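So the structure is just underneath, and the comments pick up after that.
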Amino acid sequence: MKTRYQRHVIVAAGAVLAIAAAVVVRSWEPKPAVLATSGSGGDGLVPPPYPVFPRGNALLTPLAESSDEAQAFLKFYSTQLGVQLPRIQRGDLVKLPPRNLDIAHNGLNLGSQEFNSSLVCQSCHDSDWKAQKSDLPEMAFWQQPTVNSLWPSGGDPMNLTANWSPFGDWSASIKALAGRDPVFLAQVETTRSLSPHQPYQVDQLCLRCHSPLAERQALANNAPFDHFTLYATPEGAPYKNPFPSTPEAGSQYATYGALARDGLSCAVCHSMAPKEGQPWNGADYSFFYGSDGDLFGATVSDRLVSAEEKKTLTPPSFPFTSSMNLHPGAILGPDFGLNAKPMAAAGVSLETAAHVDGHSYLRDSMVCGACHVVILPKVPTNYRPGMRISEASEGYERPASCDASQTTFDANGNFTKDPCVALAYEQTTYFEWLNSGYPDSKTTCQGCHMPLTSPSSPHDNRVYVAQYNDDLDPFYQGSPPPVAREYNRHTLLGINLFVHEMFQQFPDVLGLDFYLSPDSRIPPYLQSPDILNRTPNLVPNPGAEDGNTKGWSEQSAIAAVQKLPGEQGRSIHPSHGRYFFQLKEGSATLSIDLSRYQDALQKGGGKTTLLWGATAWCDQLSCGELVVRTFNAQGALASTTPPLAVDPGQSRWQARQANMALGADTRRLELGFTGRSGEVLLLDDLFLALRFPDGTVAPLTDARRNYVVAQNLLNAEQSILDLAYSTAQGSYNPRLPAVQISLGNMSTDNGMLSVPVTLSNNAGHKFPSGAGFRRAFIQFEVLDASGKALWASGQPNAQGAICNGPCNASGDNILTSEFSSDPGKLQPHYQTLQRQDQVQIYETRVMDDVKKVTSLELQQFKDLKDNRILPAGWKPPSLRKGSELQLGLDLYQLAQITMPLSEVQGTQPGIESDPDYPSDSHPQEAEGEDTLVYQVPLSEIPSWASIRVRLNYQSIPPGYLGARFKDALQGNQQPGPAMSRLIYMSSHLNTKTSMQSQTYGAIQPTEVMNNWSMVLGEARVTKR
């Protein structure tokens, strides 16, 4: 057998860079220092793909309010669904709060277990706002005419630049915008309405993946949290709460609202740490995949199978579904020898994500697998608390976890943990990759979805991943100079272009104000009064991370330790980092000079507040006392704080903080510990900062640049198109798009035009992958000399629905399979297509418990079809050994779970005999392709002149969109705020755009978006 998947073998270079948080205040003695590319000898260039902006700095505009296309959209869906879609005005939409309000931070108190939002990280990891004139800051690069051509000599306009910093890329990714995703929020709203007994559970389950930091923090604090919390903003914020009578949207929950809207924020990946601390032991994969029983209660494996299925299939026991272990306050990076001082000053513990074998687990795909396997309950349509199991519909099947003697469902209606509610895999992207040839070739998820950027100058293929300027100077005090390193872009994108277009075309509705004003690059967090008027953490070594007690007096009373024996044979590990302080009999002091803040203290006029605290461990009845002493300009002791309040007799870390007013003449502070004989106090995460009155510090000012920094959303649009057309495997190669179309030798024998078509999947997983409702389909057209379609299979109308043959003028001659819930009406998998109503659609389709086709995420009872193109090297179960493990998972099990199938029967041989879809009946490695033959009677195309074949990809197919509309509007219901947004945006979305030829590479289609489809590839052949 020939094997061609070697074309996929690349080595993932570089690393996942730490997005490190930095709480920044002003330097009182400015020391201008901007790490600029152009101004430090660089040319502002990277290897291809170069930044390109075909529309300049303009976002794509939507359709006009009452455009004919928008009205045709509403009419089409109303006719197909039998419900009336309302005409909604943009001004009536409920807007989400602006992005610049998404501020959440721990207040320097690491032990508080509070997460920081991405706006904290933006402070250092965005494009520098101090770069002047023609200087480019680090990770910013000049626009070029195409991805592989430079401006001619002397023709470089030098007026538009791409912000490829960690924040610049990540902030416009679907990961960052997951908490604002209009399609997701509409589905959550609909699912709540269809689950009247369990709406809160729906929110908790859905938002744990799309807003994981908020869900976890609210759960830890026993605070209410649901989708209304997305609208919660601080008291006095410039945003009018649209739900003032809804408690969960109240200003007291503004922190949860900020974290919820922040989506998959920086800390979701960069706080991923083992419970026992660093390094990870390399054996306990529950750190990434979750622990059995935590999320779903009963044994996960048994809830995923019936008693009969359990005889041949034992799924992994991990819950996945965003169940990884996170450590609030820690920021994990992939490099060793990190400079932790700037982060310590910002109230963050910068640590290395270390593996015991000496490399960093942040470079491994388990980090991605934690979220890219999604398990969801199969909730019976009529489910309610205490319902008799016998009342469930015909399609319900008792899982192996449900004891045969059990007669009712959970009395509280908790379907998440009910052992008699089965579970199903909703997404298996990570499993698909693991069971392919890619892991053996050392190709990771990050290698493709976080491509390496290697500018040739000025740092020899390296960059500084954090900005440094005079406003950030206080956080670099005592630090060595920044070190340039290899840099992986934080694009984190697939090719979900249409949801991205909603963000581009409706940024005001979805709240995408990245900065406080359009022409400013200053991070909003740094402009908030609480941060603008606060110093960094003034404790130089707050967690003993230097491995010593430098700066403390009386060294005999204090020591830096890594581990101590605790109760019941357990060890005491640091709250954060690698070390903590042990203080015992005697005294120890740390002196902190405040002379640099003298002017601010005087201006504060005695209204300055001292903020201080630590994470403490006191497992005795008495552990000594920690206080802060203040000294005036004459050096005299002015005041002493009460001892830090620590509960005695507690074998756990306790986060403690206090505050007191400071006099205007305070010049020195002293942290002091006093311990009597036998007393021992353990301390970590020490912090001490000054909070000046509002108005003490002047607002930051932006630089004057001779160029425009392109909008972050435009970076994301290019990253999507690059991934589709030229960087499918991480590095620039226009010969390897995400999916490649090739035509074989056509023939006209026996009165039949026969054309072989081959699709090659260059992705490391099935295509399409991710959310189960996405689909791709082949558009095969036979054209006359004028370009008119004489014969067509897979031609979409203006709304993206597939027509039966060429679409008529009104576009209503669509296939019955497009909106039908009858499993028998679905398109089967084809090897040969001979009629215009036969279309090769690559998709997954499932059935609910009443045996209807569904796309509702909690009613996926039975798989009907999965003919998505396999990744190269995928193996059927018979080619996997029972003990063959990869990253903690059994590959035999994963082969069973990811098997292609189709129970939709056609008149032609189906998937079971297709050589491109291996199975145990014809075991072989998949080549990552699908070849099929179109046969068209010549009598039906007498004047044919050419053939055009396209591969269309739809991340929001009409059938899915229509089902959401129908669910929300049934029984003459009025749509909720999220569904109203979706109806308006989808009806007014501009889905047609042409691009300049070869902007994104030689094989880029002229039409990138057409009729609600992303055109991934096109091939043409002319009649000879």
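Following the order of the structure tokens, chains are lettered A, B, ..., residues in each are numbered from 1, and ligands are numbered from 1.
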
Next item on the list: For stretch 742-747 of chain A, work out the shell of residues within 12 Å, counting only C-alpha atoms and skipping chain neighbours fewer than 6 positions away, then give it as a VMD selection string.
Entry: chain A and resid 735 753 to 761 780 929 to 938 946 to 951 1003 1017 to 1024

Next item on the list: Compile the contact shell of A:Ala633 as a PyMOL selection string: residues with an atom at most 10 Å away, counting only C-alpha atoms, same-chain residues fewer than 2 positions apart removed.
Entry: chain A and resi 595+598+631+635-638+664-668

Notebook entry, point to check: If you count only C-alpha atoms, which residues fall within 7 Å of stretch 367-376 of chain A, apart from same-chain ones fewer than 4 positions away, as a list in words?
Noted result: Cys269, Phe288, Tyr289, Pro319, Phe320, Thr321, Ser322, Ser323, Met324, Leu362, Leu423, Ala424, Tyr425, Glu426, Gln427, Thr428, Thr429, Tyr430 and Leu858 of chain A

Those residues you just picked out, can you put them in a file as a PDB file, in the first residue's frame with N, CA and C atoms?
```
ATOM      1  N   CYS A 269      -4.668  28.627  29.911  1.00  0.00           N
ATOM      2  CA  CYS A 269      -3.517  27.791  29.539  1.00  0.00           C
ATOM      3  C   CYS A 269      -2.338  28.012  30.469  1.00  0.00           C
ATOM      4  N   PHE A 288      -4.465  17.222  33.305  1.00  0.00           N
ATOM      5  CA  PHE A 288      -4.953  17.843  32.074  1.00  0.00           C
ATOM      6  C   PHE A 288      -6.410  17.468  31.778  1.00  0.00           C
ATOM      7  N   TYR A 289      -6.735  16.189  31.956  1.00  0.00           N
ATOM      8  CA  TYR A 289      -8.007  15.663  31.458  1.00  0.00           C
ATOM      9  C   TYR A 289      -9.112  15.633  32.511  1.00  0.00           C
ATOM     10  N   PRO A 319     -12.963  13.035  32.324  1.00  0.00           N
ATOM     11  CA  PRO A 319     -14.118  13.828  31.874  1.00  0.00           C
ATOM     12  C   PRO A 319     -13.793  14.858  30.787  1.00  0.00           C
ATOM     13  N   PHE A 320     -12.509  15.223  30.613  1.00  0.00           N
ATOM     14  CA  PHE A 320     -12.134  16.267  29.645  1.00  0.00           C
ATOM     15  C   PHE A 320     -13.034  17.491  29.849  1.00  0.00           C
ATOM     16  N   THR A 321     -13.566  18.064  28.768  1.00  0.00           N
ATOM     17  CA  THR A 321     -14.561  19.140  28.881  1.00  0.00           C
ATOM     18  C   THR A 321     -14.091  20.243  29.831  1.00  0.00           C
ATOM     19  N   SER A 322     -12.871  20.738  29.602  1.00  0.00           N
ATOM     20  CA  SER A 322     -12.310  21.829  30.391  1.00  0.00           C
ATOM     21  C   SER A 322     -12.216  21.468  31.873  1.00  0.00           C
ATOM     22  N   SER A 323     -11.696  20.282  32.152  1.00  0.00           N
ATOM     23  CA  SER A 323     -11.582  19.808  33.535  1.00  0.00           C
ATOM     24  C   SER A 323     -10.146  19.833  34.051  1.00  0.00           C
ATOM     25  N   MET A 324      -9.257  20.561  33.375  1.00  0.00           N
ATOM     26  CA  MET A 324      -7.857  20.614  33.785  1.00  0.00           C
ATOM     27  C   MET A 324      -7.722  21.344  35.123  1.00  0.00           C
ATOM     28  N   LEU A 362       4.022  22.661  28.583  1.00  0.00           N
ATOM     29  CA  LEU A 362       3.258  23.639  27.800  1.00  0.00           C
ATOM     30  C   LEU A 362       3.517  23.486  26.308  1.00  0.00           C
ATOM     31  N   LEU A 423     -23.836   9.718  28.702  1.00  0.00           N
ATOM     32  CA  LEU A 423     -22.962  10.757  28.177  1.00  0.00           C
ATOM     33  C   LEU A 423     -22.599  10.440  26.731  1.00  0.00           C
ATOM     34  N   ALA A 424     -22.197  11.470  26.001  1.00  0.00           N
ATOM     35  CA  ALA A 424     -21.776  11.294  24.607  1.00  0.00           C
ATOM     36  C   ALA A 424     -20.608  12.215  24.315  1.00  0.00           C
ATOM     37  N   TYR A 425     -19.739  11.791  23.386  1.00  0.00           N
ATOM     38  CA  TYR A 425     -18.670  12.655  22.910  1.00  0.00           C
ATOM     39  C   TYR A 425     -19.252  13.626  21.887  1.00  0.00           C
ATOM     40  N   GLU A 426     -19.224  14.914  22.233  1.00  0.00           N
ATOM     41  CA  GLU A 426     -19.718  15.929  21.301  1.00  0.00           C
ATOM     42  C   GLU A 426     -18.614  16.387  20.350  1.00  0.00           C
ATOM     43  N   GLN A 427     -17.366  16.392  20.844  1.00  0.00           N
ATOM     44  CA  GLN A 427     -16.204  16.737  20.016  1.00  0.00           C
ATOM     45  C   GLN A 427     -15.042  15.823  20.401  1.00  0.00           C
ATOM     46  N   THR A 428     -14.261  15.399  19.395  1.00  0.00           N
ATOM     47  CA  THR A 428     -13.131  14.504  19.669  1.00  0.00           C
ATOM     48  C   THR A 428     -11.879  14.913  18.882  1.00  0.00           C
ATOM     49  N   THR A 429     -11.678  16.191  18.654  1.00  0.00           N
ATOM     50  CA  THR A 429     -10.548  16.647  17.837  1.00  0.00           C
ATOM     51  C   THR A 429      -9.220  16.101  18.357  1.00  0.00           C
ATOM     52  N   TYR A 430      -9.031  16.133  19.655  1.00  0.00           N
ATOM     53  CA  TYR A 430      -7.777  15.658  20.252  1.00  0.00           C
ATOM     54  C   TYR A 430      -7.594  14.162  20.019  1.00  0.00           C
ATOM     55  N   LEU A 858     -27.412  18.727  23.902  1.00  0.00           N
ATOM     56  CA  LEU A 858     -27.746  17.826  25.007  1.00  0.00           C
ATOM     57  C   LEU A 858     -28.729  16.728  24.604  1.00  0.00           C
TER      58      LEU A 858
END
```

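With only C-alpha atoms taken into account, the protein and nucleic acid residues at most 10 Å from A:Leu887 (excluding it and anything under 6 positions from it in its own chain) are Gly282, Ala283, Tyr285, Asp364, Ser365, Met366, Gly369, Leu434 and Pro439 of chain A.
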
Same residues, N, CA and C atoms, saved as a compact mmCIF listing (two decimals), in the first residue's frame:
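Written output follows (result_28.txt):
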```txt
# COMPACT_ATOMS: atom_id res chain seq x y z
N GLY A 282 4.69 13.49 35.03
CA GLY A 282 4.68 12.81 33.75
C GLY A 282 3.80 11.58 33.70
N ALA A 283 3.09 11.28 34.79
CA ALA A 283 2.27 10.06 34.83
C ALA A 283 0.79 10.34 35.11
N TYR A 285 -2.20 12.01 34.27
CA TYR A 285 -2.80 12.82 33.21
C TYR A 285 -4.14 13.44 33.62
N ASP A 364 3.41 20.59 24.88
CA ASP A 364 2.76 19.33 24.52
C ASP A 364 1.28 19.54 24.26
N SER A 365 0.70 18.63 23.51
CA SER A 365 -0.70 18.79 23.08
C SER A 365 -1.72 18.48 24.15
N MET A 366 -1.31 17.92 25.29
CA MET A 366 -2.28 17.67 26.37
C MET A 366 -2.94 18.96 26.81
N GLY A 369 -5.68 19.26 24.50
CA GLY A 369 -6.63 18.16 24.65
C GLY A 369 -7.57 18.33 25.81
N LEU A 434 -4.54 12.22 18.07
CA LEU A 434 -3.76 11.18 18.73
C LEU A 434 -3.73 9.88 17.93
N PRO A 439 1.30 12.54 15.93
CA PRO A 439 2.09 12.47 17.17
C PRO A 439 3.44 11.79 16.98
```

Next item on the list: Fewer than 5 positions away in the same chain doesn't count, so skip those; otherwise give me all residues within 8 Å of A:Pro823, counting only C-alpha atoms, as a PyMOL selection string.
Entry: chain A and resi 847+851-853+864+904

Generate a file of the selected residues that holds N, CA, C and O atoms, formatted as an mmCIF file, in the first residue's frame.
```
data_model
loop_
_atom_site.group_PDB
_atom_site.id
_atom_site.type_symbol
_atom_site.label_atom_id
_atom_site.label_comp_id
_atom_site.auth_asym_id
_atom_site.auth_seq_id
_atom_site.Cartn_x
_atom_site.Cartn_y
_atom_site.Cartn_z
ATOM 1 N N MET A 847 -28.898 11.733 16.131
ATOM 2 C CA MET A 847 -30.343 11.586 16.318
ATOM 3 C C MET A 847 -30.667 11.747 17.800
ATOM 4 O O MET A 847 -29.877 11.368 18.668
ATOM 5 N N LYS A 851 -35.851 10.049 17.885
ATOM 6 C CA LYS A 851 -35.384 9.545 16.595
ATOM 7 C C LYS A 851 -35.523 10.561 15.474
ATOM 8 O O LYS A 851 -35.879 10.236 14.345
ATOM 9 N N LYS A 852 -35.236 11.811 15.822
ATOM 10 C CA LYS A 852 -35.195 12.887 14.844
ATOM 11 C C LYS A 852 -33.756 13.420 14.752
ATOM 12 O O LYS A 852 -33.028 13.429 15.740
ATOM 13 N N VAL A 853 -33.379 13.852 13.568
ATOM 14 C CA VAL A 853 -32.062 14.470 13.405
ATOM 15 C C VAL A 853 -32.021 15.750 14.232
ATOM 16 O O VAL A 853 -32.959 16.553 14.205
ATOM 17 N N LEU A 864 -25.431 9.028 13.526
ATOM 18 C CA LEU A 864 -25.969 8.546 12.259
ATOM 19 C C LEU A 864 -24.925 8.546 11.149
ATOM 20 O O LEU A 864 -24.936 7.680 10.271
ATOM 21 N N VAL A 904 -26.791 6.066 7.091
ATOM 22 C CA VAL A 904 -27.667 6.597 6.042
ATOM 23 C C VAL A 904 -27.369 5.811 4.775
ATOM 24 O O VAL A 904 -26.273 5.885 4.216
#
```

Notebook entry, point to check: Out of A:Leu826, A:Leu207, A:Met272, A:Leu230, which residue has the shortest atom-to-atom distance to A:Thr255 when counting only C-alpha atoms?
Noted result: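 Selected residue with least distance to A:Thr255: A:Leu230.
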
Next item on the list: Please give the complete set of residues from stretch 721-854 of chain A that DSSP, run on the backbone, assigns to strand (DSSP E or B), formatted as a PyMOL selection string.
Entry: chain A and resi 739-743+747+752-761+767+775-783+789-793+796+802-803+814+832-833+841-842+844-847+853-854

Each residue of stretch 292-338 of chain A with at least one atom at most 10 Å from stretch 574-581 of chain A should appear once, together with its nearest atom pair and the corresponding distance in Å (one decimal); atoms considered: only C-alpha atoms; ordering: chain, then increasing residue number; output as a tab-separated table.
```
residue	atom	partner	partner_atom	distance
A:His327	CA	A:His576	CA	8.5
A:Pro328	CA	A:His576	CA	9.3
A:Gly329	CA	A:His576	CA	7.8
A:Ala330	CA	A:His576	CA	6.7
A:Ile331	CA	A:Gly577	CA	9.7
A:Leu332	CA	A:Gly577	CA	9.8
```

Next item on the list: Give me the residues within 9 Å of A:Arg180 as number ranges by chain, counting only C-alpha atoms and dropping any in the same chain fewer than 6 places off.
Entry: A: 96, 210, 230, 260-263, 503, 510-511

Same residues, C-alpha atoms, output as a compact mmCIF listing (two decimals), in the first residue's frame:
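Result file is part.txt:
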```
# COMPACT_ATOMS: atom_id res chain seq x y z
CA LEU A 96 -22.60 43.27 25.39
CA HIS A 210 -16.50 29.16 27.00
CA LEU A 230 -22.04 38.38 31.17
CA ALA A 260 -16.87 35.45 31.68
CA ARG A 261 -16.62 37.83 28.75
CA ASP A 262 -12.86 37.22 28.65
CA GLY A 263 -13.47 33.77 27.21
CA PHE A 503 -17.23 40.09 15.30
CA LEU A 510 -20.50 42.43 20.68
CA GLY A 511 -18.49 44.97 22.69
```

Would you please give, as an mmCIF file with N, CA, C and O atoms, in the first residue's frame, all residues of stretch 131-211 of chain A that DSSP assigns to helix (DSSP H, G or I) based on the backbone?
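Listed below is the output, states00.cif:
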```cif
data_model
loop_
_atom_site.group_PDB
_atom_site.id
_atom_site.type_symbol
_atom_site.label_atom_id
_atom_site.label_comp_id
_atom_site.auth_asym_id
_atom_site.auth_seq_id
_atom_site.Cartn_x
_atom_site.Cartn_y
_atom_site.Cartn_z
ATOM 1 N N PRO A 166 1.554 38.845 21.722
ATOM 2 C CA PRO A 166 0.633 37.836 22.287
ATOM 3 C C PRO A 166 -0.791 38.353 22.426
ATOM 4 O O PRO A 166 -1.744 37.682 22.035
ATOM 5 N N PHE A 167 -0.939 39.571 22.960
ATOM 6 C CA PHE A 167 -2.297 40.103 23.105
ATOM 7 C C PHE A 167 -2.887 40.476 21.760
ATOM 8 O O PHE A 167 -4.078 40.247 21.510
ATOM 9 N N GLY A 168 -2.081 41.067 20.881
ATOM 10 C CA GLY A 168 -2.593 41.476 19.571
ATOM 11 C C GLY A 168 -3.189 40.322 18.808
ATOM 12 O O GLY A 168 -4.249 40.455 18.186
ATOM 13 N N ASP A 169 -2.524 39.165 18.832
ATOM 14 C CA ASP A 169 -3.051 37.986 18.145
ATOM 15 C C ASP A 169 -4.182 37.335 18.920
ATOM 16 O O ASP A 169 -5.266 37.086 18.392
ATOM 17 N N TRP A 170 -3.918 37.044 20.194
ATOM 18 C CA TRP A 170 -4.905 36.295 20.979
ATOM 19 C C TRP A 170 -6.218 37.050 21.125
ATOM 20 O O TRP A 170 -7.294 36.450 21.065
ATOM 21 N N ALA A 178 -14.662 33.715 22.995
ATOM 22 C CA ALA A 178 -15.599 32.614 23.244
ATOM 23 C C ALA A 178 -16.751 33.033 24.147
ATOM 24 O O ALA A 178 -17.881 32.550 23.990
ATOM 25 N N GLY A 179 -16.495 33.921 25.101
ATOM 26 C CA GLY A 179 -17.556 34.377 25.998
ATOM 27 C C GLY A 179 -18.489 35.378 25.361
ATOM 28 O O GLY A 179 -19.504 35.749 25.962
ATOM 29 N N ARG A 180 -18.178 35.822 24.149
ATOM 30 C CA ARG A 180 -19.018 36.775 23.416
ATOM 31 C C ARG A 180 -19.557 36.163 22.126
ATOM 32 O O ARG A 180 -20.204 36.869 21.344
ATOM 33 N N PRO A 182 -21.645 35.000 19.431
ATOM 34 C CA PRO A 182 -23.094 35.190 19.281
ATOM 35 C C PRO A 182 -23.837 33.901 18.973
ATOM 36 O O PRO A 182 -24.994 33.744 19.375
ATOM 37 N N VAL A 183 -23.206 32.973 18.268
ATOM 38 C CA VAL A 183 -23.863 31.695 17.969
ATOM 39 C C VAL A 183 -23.962 30.865 19.242
ATOM 40 O O VAL A 183 -25.010 30.305 19.571
ATOM 41 N N PHE A 184 -22.878 30.775 19.980
ATOM 42 C CA PHE A 184 -22.865 30.022 21.232
ATOM 43 C C PHE A 184 -23.884 30.575 22.221
ATOM 44 O O PHE A 184 -24.657 29.824 22.825
ATOM 45 N N LEU A 185 -23.907 31.894 22.408
ATOM 46 C CA LEU A 185 -24.813 32.479 23.393
ATOM 47 C C LEU A 185 -26.271 32.265 23.005
ATOM 48 O O LEU A 185 -27.128 32.052 23.870
ATOM 49 N N ALA A 186 -26.567 32.293 21.709
ATOM 50 C CA ALA A 186 -27.937 32.018 21.267
ATOM 51 C C ALA A 186 -28.306 30.566 21.536
ATOM 52 O O ALA A 186 -29.441 30.265 21.931
ATOM 53 N N GLN A 187 -27.343 29.654 21.332
ATOM 54 C CA GLN A 187 -27.642 28.240 21.600
ATOM 55 C C GLN A 187 -27.856 28.004 23.097
ATOM 56 O O GLN A 187 -28.743 27.238 23.491
ATOM 57 N N VAL A 188 -27.054 28.642 23.935
ATOM 58 C CA VAL A 188 -27.246 28.503 25.378
ATOM 59 C C VAL A 188 -28.628 29.007 25.777
ATOM 60 O O VAL A 188 -29.346 28.371 26.550
ATOM 61 N N GLU A 189 -29.008 30.151 25.244
ATOM 62 C CA GLU A 189 -30.320 30.727 25.552
ATOM 63 C C GLU A 189 -31.439 29.776 25.137
ATOM 64 O O GLU A 189 -32.411 29.561 25.875
ATOM 65 N N THR A 190 -31.298 29.188 23.953
ATOM 66 C CA THR A 190 -32.314 28.259 23.469
ATOM 67 C C THR A 190 -32.351 27.002 24.315
ATOM 68 O O THR A 190 -33.433 26.504 24.679
ATOM 69 N N THR A 191 -31.192 26.450 24.625
ATOM 70 C CA THR A 191 -31.134 25.216 25.410
ATOM 71 C C THR A 191 -31.735 25.434 26.790
ATOM 72 O O THR A 191 -32.400 24.545 27.334
ATOM 73 N N ARG A 192 -31.523 26.599 27.372
ATOM 74 C CA ARG A 192 -32.159 26.916 28.662
ATOM 75 C C ARG A 192 -33.677 26.858 28.542
ATOM 76 O O ARG A 192 -34.356 26.299 29.404
ATOM 77 N N SER A 193 -34.191 27.435 27.469
ATOM 78 C CA SER A 193 -35.653 27.466 27.319
ATOM 79 C C SER A 193 -36.227 26.076 27.081
ATOM 80 O O SER A 193 -37.384 25.815 27.429
ATOM 81 N N PRO A 199 -32.303 25.092 33.961
ATOM 82 C CA PRO A 199 -31.607 26.159 33.208
ATOM 83 C C PRO A 199 -30.253 26.506 33.798
ATOM 84 O O PRO A 199 -29.309 26.809 33.068
ATOM 85 N N TYR A 200 -30.122 26.472 35.130
ATOM 86 C CA TYR A 200 -28.852 26.822 35.756
ATOM 87 C C TYR A 200 -27.770 25.810 35.385
ATOM 88 O O TYR A 200 -26.615 26.180 35.144
ATOM 89 N N GLN A 201 -28.137 24.522 35.324
ATOM 90 C CA GLN A 201 -27.164 23.496 34.935
ATOM 91 C C GLN A 201 -26.683 23.704 33.508
ATOM 92 O O GLN A 201 -25.518 23.466 33.197
ATOM 93 N N VAL A 202 -27.588 24.128 32.638
ATOM 94 C CA VAL A 202 -27.197 24.400 31.249
ATOM 95 C C VAL A 202 -26.114 25.464 31.210
ATOM 96 O O VAL A 202 -25.081 25.324 30.542
ATOM 97 N N ASP A 203 -26.329 26.554 31.959
ATOM 98 C CA ASP A 203 -25.341 27.629 32.000
ATOM 99 C C ASP A 203 -24.002 27.127 32.535
ATOM 100 O O ASP A 203 -22.942 27.417 31.976
ATOM 101 N N GLN A 204 -24.050 26.407 33.648
ATOM 102 C CA GLN A 204 -22.811 25.934 34.259
ATOM 103 C C GLN A 204 -22.033 25.021 33.326
ATOM 104 O O GLN A 204 -20.806 25.131 33.209
ATOM 105 N N LEU A 205 -22.722 24.136 32.653
ATOM 106 C CA LEU A 205 -22.056 23.169 31.781
ATOM 107 C C LEU A 205 -21.484 23.848 30.537
ATOM 108 O O LEU A 205 -20.352 23.559 30.127
ATOM 109 N N CYS A 206 -22.245 24.755 29.942
ATOM 110 C CA CYS A 206 -21.793 25.403 28.712
ATOM 111 C C CYS A 206 -20.686 26.419 28.978
ATOM 112 O O CYS A 206 -19.706 26.496 28.239
ATOM 113 N N LEU A 207 -20.836 27.197 30.051
ATOM 114 C CA LEU A 207 -19.881 28.260 30.317
ATOM 115 C C LEU A 207 -18.581 27.737 30.929
ATOM 116 O O LEU A 207 -17.587 28.459 30.963
ATOM 117 N N ARG A 208 -18.539 26.491 31.399
ATOM 118 C CA ARG A 208 -17.280 25.952 31.912
ATOM 119 C C ARG A 208 -16.247 25.820 30.789
ATOM 120 O O ARG A 208 -15.053 25.801 31.042
ATOM 121 N N CYS A 209 -16.731 25.743 29.525
ATOM 122 C CA CYS A 209 -15.815 25.685 28.391
ATOM 123 C C CYS A 209 -15.591 27.054 27.759
ATOM 124 O O CYS A 209 -14.473 27.367 27.344
ATOM 125 N N HIS A 210 -16.613 27.867 27.678
ATOM 126 C CA HIS A 210 -16.495 29.161 26.999
ATOM 127 C C HIS A 210 -16.089 30.295 27.937
ATOM 128 O O HIS A 210 -15.573 31.314 27.464
#
```

Margin query: Would you pick out the contacts of stretch 787-795 of chain A at 6 Å or less, using only C-alpha atoms, so that residues sharing its chain but fewer than 3 positions from it are not included, and give the list as a VMD selection string?
Written below: chain A and resid 778 to 784 802 to 803 805 to 806 836 839

Next item on the list: Name the closest residue to A:Gly56 among the candidates A:Ala400, A:Leu160, A:Met660, A:Ala353; distances are taken between atoms, counting only C-alpha atoms.
Entry: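 Closest candidate: A:Leu160.
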
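Distance-wise, atom CA of A:Asn797 and atom CA of A:Asp812 end up 8.0 Å apart.
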
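Taking atom CA of A:Tyr50 and atom CA of A:Lys130 as endpoints, the distance between them is 24.0 Å.
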
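Comparing A:Ala544, A:Leu45, A:Val300, A:Ala392 by their smallest distance to A:Pro316, the closest is A:Val300 (using only C-alpha atoms).
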